[in-house]
$ cat input.txt   # compact mmCIF, C-alpha atoms
# COMPACT_ATOMS: atom_id res chain seq x y z
CA ALA A 1 82.70 127.24 151.88
CA ILE A 2 81.34 130.75 152.40
CA VAL A 3 81.83 131.75 156.02
CA LEU A 4 79.38 134.27 157.46
CA ASN A 5 80.78 136.37 160.28
CA GLN A 6 77.99 137.83 162.33
CA SER A 7 78.46 140.59 164.86
CA PRO A 8 77.89 141.30 167.59
CA SER A 9 77.35 137.89 169.15
CA SER A 10 75.01 139.43 171.69
CA ILE A 11 73.11 142.66 172.18
CA ILE A 12 71.40 144.06 175.25
CA ALA A 13 68.93 146.74 174.23
CA SER A 14 66.14 148.76 175.76
CA GLN A 15 62.62 148.66 174.42
CA GLY A 16 62.27 151.23 171.68
CA GLU A 17 65.97 151.20 170.87
CA LYS A 18 67.34 150.64 167.38
CA VAL A 19 69.60 147.62 166.94
CA THR A 20 71.72 146.56 163.98
CA ILE A 21 73.38 143.24 163.28
CA THR A 22 76.11 142.83 160.69
CA CYS A 23 76.82 139.78 158.57
CA ARG A 24 80.08 139.69 156.59
CA ALA A 25 80.65 136.98 154.02
CA SER A 26 84.06 135.50 153.25
CA SER A 27 83.29 135.92 149.54
CA SER A 28 80.80 137.97 147.58
CA ILE A 29 77.19 136.80 147.50
CA SER A 30 74.42 138.01 145.26
CA SER A 31 72.01 139.97 147.44
CA ASN A 32 69.27 137.59 146.27
CA TYR A 33 70.85 134.86 148.38
CA LEU A 34 71.29 136.47 151.79
CA HIS A 35 68.56 135.87 154.36
CA TRP A 36 67.80 136.44 158.04
CA TYR A 37 65.99 134.29 160.62
CA GLN A 38 64.68 134.79 164.13
CA GLN A 39 64.80 131.88 166.55
CA LYS A 40 63.17 131.88 169.96
CA PRO A 41 64.17 129.30 172.58
CA GLY A 42 62.86 125.84 171.83
CA ALA A 43 61.40 126.88 168.47
CA PHE A 44 62.38 126.51 164.84
CA PRO A 45 64.01 129.43 163.01
CA LYS A 46 61.49 131.79 161.48
CA LEU A 47 62.26 133.58 158.23
CA VAL A 48 62.27 137.33 158.79
CA ILE A 49 64.07 138.85 155.80
CA TYR A 50 64.79 137.18 152.47
CA SER A 51 66.94 138.30 149.60
CA THR A 52 68.61 140.98 151.73
CA SER A 53 65.71 143.34 152.15
CA TYR A 54 62.31 141.70 151.63
CA ARG A 55 60.20 141.10 154.71
CA ALA A 56 58.61 137.68 154.97
CA SER A 57 54.86 137.42 155.26
CA GLY A 58 53.52 138.90 158.48
CA VAL A 59 56.82 140.42 159.59
CA PRO A 60 56.43 143.88 161.12
CA SER A 61 57.87 146.88 159.32
CA ARG A 62 60.32 147.59 162.16
CA PHE A 63 62.48 144.80 160.71
CA SER A 64 64.63 145.69 157.72
CA GLY A 65 67.73 144.54 155.88
CA SER A 66 70.27 145.95 153.49
CA GLY A 67 73.63 145.24 151.96
CA SER A 68 75.48 143.86 149.00
CA GLY A 69 78.58 141.92 148.09
CA THR A 70 80.18 140.76 151.31
CA SER A 71 78.53 143.11 153.79
CA TYR A 72 74.93 142.88 154.99
CA SER A 73 72.99 144.28 157.89
CA PHE A 74 69.75 143.60 159.72
CA THR A 75 68.00 146.30 161.72
CA ILE A 76 65.17 146.45 164.21
CA SER A 77 64.14 150.10 164.27
CA ARG A 78 62.42 150.00 167.68
CA VAL A 79 62.96 146.85 169.71
CA GLU A 80 59.90 145.32 171.35
CA ALA A 81 59.81 142.70 174.08
CA GLU A 82 58.65 140.04 171.62
CA ASP A 83 61.84 140.53 169.57
CA VAL A 84 63.97 138.80 172.21
CA ALA A 85 65.51 135.95 170.23
CA THR A 86 68.63 134.84 168.42
CA TYR A 87 69.04 136.11 164.88
CA TYR A 88 70.94 134.29 162.13
CA CYS A 89 72.03 135.28 158.66
CA GLN A 90 72.17 132.56 156.00
CA GLN A 91 73.46 132.32 152.45
CA GLY A 92 71.64 130.28 149.84
CA SER A 93 74.20 130.83 147.12
CA SER A 94 76.51 127.84 147.33
CA ASN A 95 76.89 124.47 149.02
CA PRO A 96 77.25 124.34 151.98
CA TYR A 97 74.39 126.77 152.61
CA THR A 98 75.90 128.30 155.70
CA PHE A 99 74.50 130.25 158.62
CA GLY A 100 76.14 132.91 160.72
CA ALA A 101 76.90 132.03 164.34
CA GLY A 102 73.93 134.02 165.59
CA THR A 103 73.27 137.21 167.54
CA LYS A 104 71.39 136.90 170.80
CA LEU A 105 69.15 139.88 171.52
CA GLU A 106 68.17 140.51 175.13
CA LEU A 107 66.22 143.32 176.78
CA LYS A 108 67.75 145.65 179.33
CA GLN B 109 48.44 124.73 154.70
CA VAL B 110 52.14 123.97 154.44
CA GLN B 111 53.47 121.72 157.18
CA LEU B 112 56.57 119.68 157.79
CA LYS B 113 56.93 117.19 160.62
CA GLU B 114 59.99 115.25 161.67
CA THR B 115 59.71 111.88 163.35
CA GLY B 116 62.57 109.89 164.72
CA PRO B 117 64.19 108.44 167.81
CA ASP B 118 65.00 110.43 170.94
CA LEU B 119 68.04 108.34 171.64
CA VAL B 120 70.60 106.62 169.42
CA GLN B 121 73.54 104.56 170.58
CA LEU B 122 77.10 105.57 169.81
CA THR B 123 78.27 104.37 166.35
CA GLN B 124 74.73 103.43 165.34
CA THR B 125 72.60 104.83 162.52
CA LEU B 126 70.12 107.69 162.81
CA SER B 127 66.96 107.61 160.72
CA ILE B 128 64.55 110.55 160.63
CA THR B 129 61.47 111.01 158.46
CA CYS B 130 60.13 114.39 157.35
CA THR B 131 56.49 114.18 156.33
CA VAL B 132 55.23 117.19 154.41
CA SER B 133 51.77 118.42 153.54
CA GLY B 134 50.39 121.36 151.61
CA PHE B 135 52.95 121.09 148.83
CA SER B 136 54.53 118.55 146.53
CA LEU B 137 58.06 117.21 146.83
CA THR B 138 58.25 117.31 143.03
CA THR B 139 57.73 121.07 143.12
CA TYR B 140 59.69 122.17 146.18
CA ASN B 141 63.04 121.30 147.70
CA VAL B 142 63.41 119.99 151.25
CA HIS B 143 66.62 120.42 153.21
CA TRP B 144 67.94 119.20 156.54
CA VAL B 145 69.46 121.50 159.16
CA ARG B 146 70.65 120.58 162.63
CA GLN B 147 71.35 122.47 165.82
CA PRO B 148 73.36 121.10 168.76
CA PRO B 149 72.09 122.20 172.17
CA GLY B 150 72.96 125.85 172.79
CA LYS B 151 74.73 126.20 169.45
CA GLY B 152 74.06 127.49 165.95
CA LEU B 153 72.48 126.08 162.82
CA GLU B 154 74.30 123.71 160.47
CA TRP B 155 73.06 122.87 156.98
CA MET B 156 73.32 119.15 156.32
CA GLY B 157 71.90 118.37 152.92
CA ALA B 158 69.18 118.69 150.35
CA MET B 159 66.56 116.73 148.47
CA TRP B 160 65.91 118.66 145.30
CA ASN B 161 62.49 118.61 143.64
CA GLY B 162 63.92 116.72 140.66
CA GLY B 163 65.08 113.89 142.91
CA GLY B 164 68.75 114.81 143.16
CA THR B 165 70.57 115.29 146.42
CA ASP B 166 73.35 117.49 147.77
CA TYR B 167 75.33 117.05 150.94
CA ASN B 168 77.52 119.13 153.20
CA SER B 169 80.98 117.64 152.80
CA ALA B 170 81.41 117.96 156.57
CA PHE B 171 79.35 114.81 156.83
CA LYS B 172 81.52 113.01 154.29
CA SER B 173 79.87 109.74 153.34
CA ARG B 174 77.93 109.33 156.59
CA LEU B 175 74.80 111.05 155.35
CA SER B 176 72.12 109.87 152.95
CA ILE B 177 68.91 111.64 151.96
CA SER B 178 66.11 110.02 150.00
CA ARG B 179 62.38 110.43 149.45
CA ASP B 180 59.08 108.73 148.76
CA THR B 181 56.99 111.18 146.78
CA SER B 182 53.88 108.98 147.02
CA LYS B 183 53.98 109.38 150.80
CA SER B 184 55.27 112.98 150.77
CA GLN B 185 58.22 111.92 152.87
CA VAL B 186 61.91 112.79 152.90
CA PHE B 187 64.32 110.58 154.80
CA LEU B 188 67.60 111.36 156.51
CA LYS B 189 69.99 108.57 157.41
CA MET B 190 73.32 109.15 159.07
CA ASN B 191 75.64 106.42 160.25
CA SER B 192 78.54 106.15 162.67
CA LEU B 193 76.95 108.54 165.13
CA GLN B 194 79.14 110.25 167.70
CA THR B 195 78.24 112.25 170.79
CA ASP B 196 78.71 115.51 168.90
CA ASP B 197 75.85 114.47 166.61
CA THR B 198 73.52 115.15 169.55
CA ALA B 199 71.30 117.88 168.14
CA LYS B 200 67.83 118.96 167.13
CA TYR B 201 67.28 117.96 163.50
CA PHE B 202 65.01 120.09 161.34
CA CYS B 203 63.64 119.66 157.87
CA ALA B 204 62.77 122.83 155.99
CA ARG B 205 61.34 123.85 152.64
CA ARG B 206 63.66 125.84 150.46
CA LYS B 207 62.56 128.52 148.00
CA GLY B 208 64.33 129.63 144.85
CA SER B 209 66.77 132.12 146.36
CA GLY B 210 67.87 129.61 148.91
CA TYR B 211 65.85 130.67 151.92
CA PHE B 212 63.85 128.33 154.12
CA ASP B 213 60.27 129.53 154.36
CA TYR B 214 58.72 126.67 156.30
CA TRP B 215 60.30 124.49 158.96
CA GLY B 216 59.32 121.48 160.98
CA GLN B 217 59.34 121.65 164.76
CA GLY B 218 62.47 119.53 164.83
CA VAL B 219 63.34 116.30 166.58
CA MET B 220 65.86 116.25 169.40
CA VAL B 221 68.24 113.32 169.11
CA THR B 222 70.69 112.36 171.82
CA VAL B 223 73.62 110.08 171.03
CA SER B 224 74.37 107.96 174.04
CA SER B 225 77.36 105.85 174.91
$ encode --input "input.txt" --output "structure tokens"
Amino acid sequence: AIVLNQSPSSIIASQGEKVTITCRASSSISSNYLHWYQQKPGAFPKLVIYSTSYRASGVPSRFSGSGSGTSYSFTISRVEAEDVATYYCQQGSSNPYTFGAGTKLELK
Amino acid sequence: QVQLKETGPDLVQLTQTLSITCTVSGFSLTTYNVHWVRQPPGKGLEWMGAMWNGGGTDYNSAFKSRLSISRDTSKSQVFLKMNSLQTDDTAKYFCARRKGSGYFDYWGQGVMVTVSS
């Protein structure tokens, strides 16, 4: 199974700050198959970035992604209050289609 | 519009069988794939298995032979059945639509299932 190591596990940021989350895969993944979700408490995960760098419909431009091979990153250029959530990376390349352990973003 | 909705029990007894139905609308099960993902309280997301648009299934080996996924295309429903439930199967169970590159673009609200002794 491909293990996705996400870091950090939590972030405390100020509004307007830039935050970056890293997702490292235990084996190489095509960039087409690495995706990011945002989950707010009590809600389902919402797709934010698909195929490494494509924003899902309606997602603000402050969200971006990059990476290749085994190393991927997710960035919020200027954190807003509504971005408080847990973020997960996910690989759709091979069974089991694993998720990272999540990064909880809180506001200072 | 695309919707998925899970229905199932709130409470299941230890060692019993869990049955959850995912009813979809706005798309066809013969065109799109529907997967199951679960999330224990306060923990992360775990992929469980898939119903592919062609009718085949795939399972996470972590569930060994406990898990079964099936569908009724005439009713636009996908079914999850898992037997021999333990307390660590307490979780919110989601169904989600998968797109070609393996991402889940639409999700149900989830159903919270508690396994009770």
$ atom_distance --input "input.txt" --atom1 "atom CA of A:Thr20" --atom2 "atom CA of A:Ala101"
15.4 Å
$ interface_residues --input "input.txt" --of "chain A" --to "chain B" --cutoff "8 Å" --atoms "only C-alpha atoms" --output "PyMOL selection string"
chain A and resi 32-35+43-47+50-51+90-93+95-102
$ atom_distance --input "input.txt" --atom1 "atom CA of B:Val142" --atom2 "atom CA of B:Gln111"
11.7 Å
$ residues_near_point --input "input.txt" --point "(56.2, 114.2, 148.1)" --cutoff "8 Å" --atoms "all atoms listed in the file" --output "PyMOL selection string"
chain B and resi 132+135-138+179-186
$ residues_around --input "input.txt" --residues "stretch 12-17 of chain A" --least-positions-apart "4" --cutoff "9 Å" --atoms "only C-alpha atoms" --output "list in words"
Ile76, Ser77, Arg78, Val79, Glu80, Ala81, Lys104, Leu105, Glu106, Leu107 and Lys108 of chain A
$ closest_residue --input "input.txt" --among "A:Ser94, A:Gln38, A:Ser71, A:Ser31" --to "A:Tyr54" --atoms "all atoms listed in the file"
A:Ser31
$ atom_distance --input "input.txt" --atom1 "atom CA of A:Val59" --atom2 "atom CA of B:Arg205"
18.5 Å
$ residues_around --input "input.txt" --residues "B:Val219" --least-positions-apart "4" --cutoff "9 Å" --atoms "all atoms listed in the file" --output "PyMOL selection string"
chain B and resi 113-118+128+199-202
$ closest_residue --input "input.txt" --among "B:Ile177, B:Val221, B:Val110, B:Leu188" --to "B:Leu122" --atoms "only C-alpha atoms"
B:Val221
$ closest_residue --input "input.txt" --among "B:Pro148, B:Thr125, B:Leu119, B:Asn161" --to "B:Leu193" --atoms "all atoms listed in the file"
B:Thr125
$ residues_near_point --input "input.txt" --point "(62.8, 132.9, 170.7)" --cutoff "7 Å" --atoms "only C-alpha atoms" --output "PyMOL selection string"
chain A and resi 39-41+43+84-86
$ closest_residue --input "input.txt" --among "A:Thr75, A:Ser10, A:Thr22, A:Thr103" --to "A:Pro60" --atoms "all atoms listed in the file"
A:Thr75
$ closest_residue --input "input.txt" --among "B:Gln121, B:Thr198, B:Ser178, B:Gln109" --to "B:Ser133" --atoms "all atoms listed in the file"
B:Gln109
$ decode --input "input.txt" --residues "stretch 6-28 of chain A" --atoms "N, CA, C and O atoms" --output "mmCIF file, in the first residue's frame"
data_model
loop_
_atom_site.group_PDB
_atom_site.id
_atom_site.type_symbol
_atom_site.label_atom_id
_atom_site.label_comp_id
_atom_site.auth_asym_id
_atom_site.auth_seq_id
_atom_site.Cartn_x
_atom_site.Cartn_y
_atom_site.Cartn_z
ATOM 1 N N GLN A 6 1.815 13.056 5.778
ATOM 2 C CA GLN A 6 1.442 14.451 5.706
ATOM 3 C C GLN A 6 2.077 15.200 6.853
ATOM 4 O O GLN A 6 2.089 14.713 7.989
ATOM 5 N N SER A 7 2.583 16.395 6.573
ATOM 6 C CA SER A 7 3.126 17.220 7.648
ATOM 7 C C SER A 7 2.915 18.693 7.341
ATOM 8 O O SER A 7 2.858 19.091 6.169
ATOM 9 N N PRO A 8 2.776 19.514 8.385
ATOM 10 C CA PRO A 8 2.686 19.100 9.780
ATOM 11 C C PRO A 8 1.319 18.506 10.089
ATOM 12 O O PRO A 8 0.433 18.541 9.238
ATOM 13 N N SER A 9 1.134 17.985 11.268
ATOM 14 C CA SER A 9 -0.168 17.451 11.652
ATOM 15 C C SER A 9 -1.116 18.574 12.065
ATOM 16 O O SER A 9 -2.337 18.399 12.018
ATOM 17 N N SER A 10 -0.543 19.693 12.471
ATOM 18 C CA SER A 10 -1.373 20.846 12.789
ATOM 19 C C SER A 10 -0.608 22.128 12.503
ATOM 20 O O SER A 10 0.631 22.149 12.547
ATOM 21 N N ILE A 11 -1.377 23.159 12.192
ATOM 22 C CA ILE A 11 -0.814 24.477 11.907
ATOM 23 C C ILE A 11 -1.670 25.515 12.613
ATOM 24 O O ILE A 11 -2.908 25.437 12.544
ATOM 25 N N ILE A 12 -1.027 26.464 13.269
ATOM 26 C CA ILE A 12 -1.727 27.635 13.792
ATOM 27 C C ILE A 12 -1.216 28.836 13.012
ATOM 28 O O ILE A 12 -0.009 29.119 13.027
ATOM 29 N N ALA A 13 -2.104 29.496 12.308
ATOM 30 C CA ALA A 13 -1.697 30.588 11.434
ATOM 31 C C ALA A 13 -2.544 31.826 11.688
ATOM 32 O O ALA A 13 -3.680 31.727 12.176
ATOM 33 N N SER A 14 -2.006 32.951 11.318
ATOM 34 C CA SER A 14 -2.751 34.204 11.398
ATOM 35 C C SER A 14 -3.457 34.452 10.078
ATOM 36 O O SER A 14 -3.014 33.976 9.019
ATOM 37 N N GLN A 15 -4.544 35.182 10.135
ATOM 38 C CA GLN A 15 -5.225 35.552 8.895
ATOM 39 C C GLN A 15 -4.261 36.304 8.002
ATOM 40 O O GLN A 15 -3.507 37.171 8.466
ATOM 41 N N GLY A 16 -4.269 35.966 6.723
ATOM 42 C CA GLY A 16 -3.376 36.609 5.776
ATOM 43 C C GLY A 16 -2.033 35.923 5.616
ATOM 44 O O GLY A 16 -1.258 36.254 4.718
ATOM 45 N N GLU A 17 -1.755 34.962 6.485
ATOM 46 C CA GLU A 17 -0.480 34.251 6.427
ATOM 47 C C GLU A 17 -0.512 33.177 5.338
ATOM 48 O O GLU A 17 -1.567 32.660 4.992
ATOM 49 N N LYS A 18 0.655 32.838 4.840
ATOM 50 C CA LYS A 18 0.785 31.749 3.875
ATOM 51 C C LYS A 18 1.077 30.453 4.627
ATOM 52 O O LYS A 18 1.916 30.440 5.532
ATOM 53 N N VAL A 19 0.366 29.383 4.269
ATOM 54 C CA VAL A 19 0.627 28.090 4.890
ATOM 55 C C VAL A 19 0.851 27.037 3.809
ATOM 56 O O VAL A 19 0.241 27.090 2.740
ATOM 57 N N THR A 20 1.735 26.098 4.120
ATOM 58 C CA THR A 20 2.043 25.020 3.196
ATOM 59 C C THR A 20 2.008 23.692 3.920
ATOM 60 O O THR A 20 2.546 23.559 5.028
ATOM 61 N N ILE A 21 1.374 22.724 3.290
ATOM 62 C CA ILE A 21 1.285 21.365 3.815
ATOM 63 C C ILE A 21 2.015 20.455 2.831
ATOM 64 O O ILE A 21 1.887 20.605 1.610
ATOM 65 N N THR A 22 2.758 19.506 3.382
ATOM 66 C CA THR A 22 3.518 18.577 2.554
ATOM 67 C C THR A 22 2.926 17.177 2.644
ATOM 68 O O THR A 22 2.467 16.755 3.716
ATOM 69 N N CYS A 23 2.934 16.490 1.535
ATOM 70 C CA CYS A 23 2.462 15.102 1.477
ATOM 71 C C CYS A 23 3.542 14.297 0.770
ATOM 72 O O CYS A 23 3.843 14.553 -0.403
ATOM 73 N N ARG A 24 4.131 13.349 1.486
ATOM 74 C CA ARG A 24 5.185 12.506 0.912
ATOM 75 C C ARG A 24 4.680 11.079 0.787
ATOM 76 O O ARG A 24 4.196 10.498 1.764
ATOM 77 N N ALA A 25 4.815 10.536 -0.413
ATOM 78 C CA ALA A 25 4.326 9.187 -0.691
ATOM 79 C C ALA A 25 5.443 8.162 -0.522
ATOM 80 O O ALA A 25 6.604 8.440 -0.820
ATOM 81 N N SER A 26 5.068 6.983 -0.067
ATOM 82 C CA SER A 26 6.059 5.927 0.160
ATOM 83 C C SER A 26 6.595 5.349 -1.150
ATOM 84 O O SER A 26 7.637 4.700 -1.174
ATOM 85 N N SER A 27 5.872 5.573 -2.249
ATOM 86 C CA SER A 27 6.391 5.244 -3.572
ATOM 87 C C SER A 27 5.843 6.262 -4.568
ATOM 88 O O SER A 27 4.863 6.945 -4.284
ATOM 89 N N SER A 28 6.494 6.339 -5.715
ATOM 90 C CA SER A 28 6.171 7.389 -6.675
ATOM 91 C C SER A 28 4.747 7.257 -7.217
ATOM 92 O O SER A 28 4.262 6.149 -7.491
#
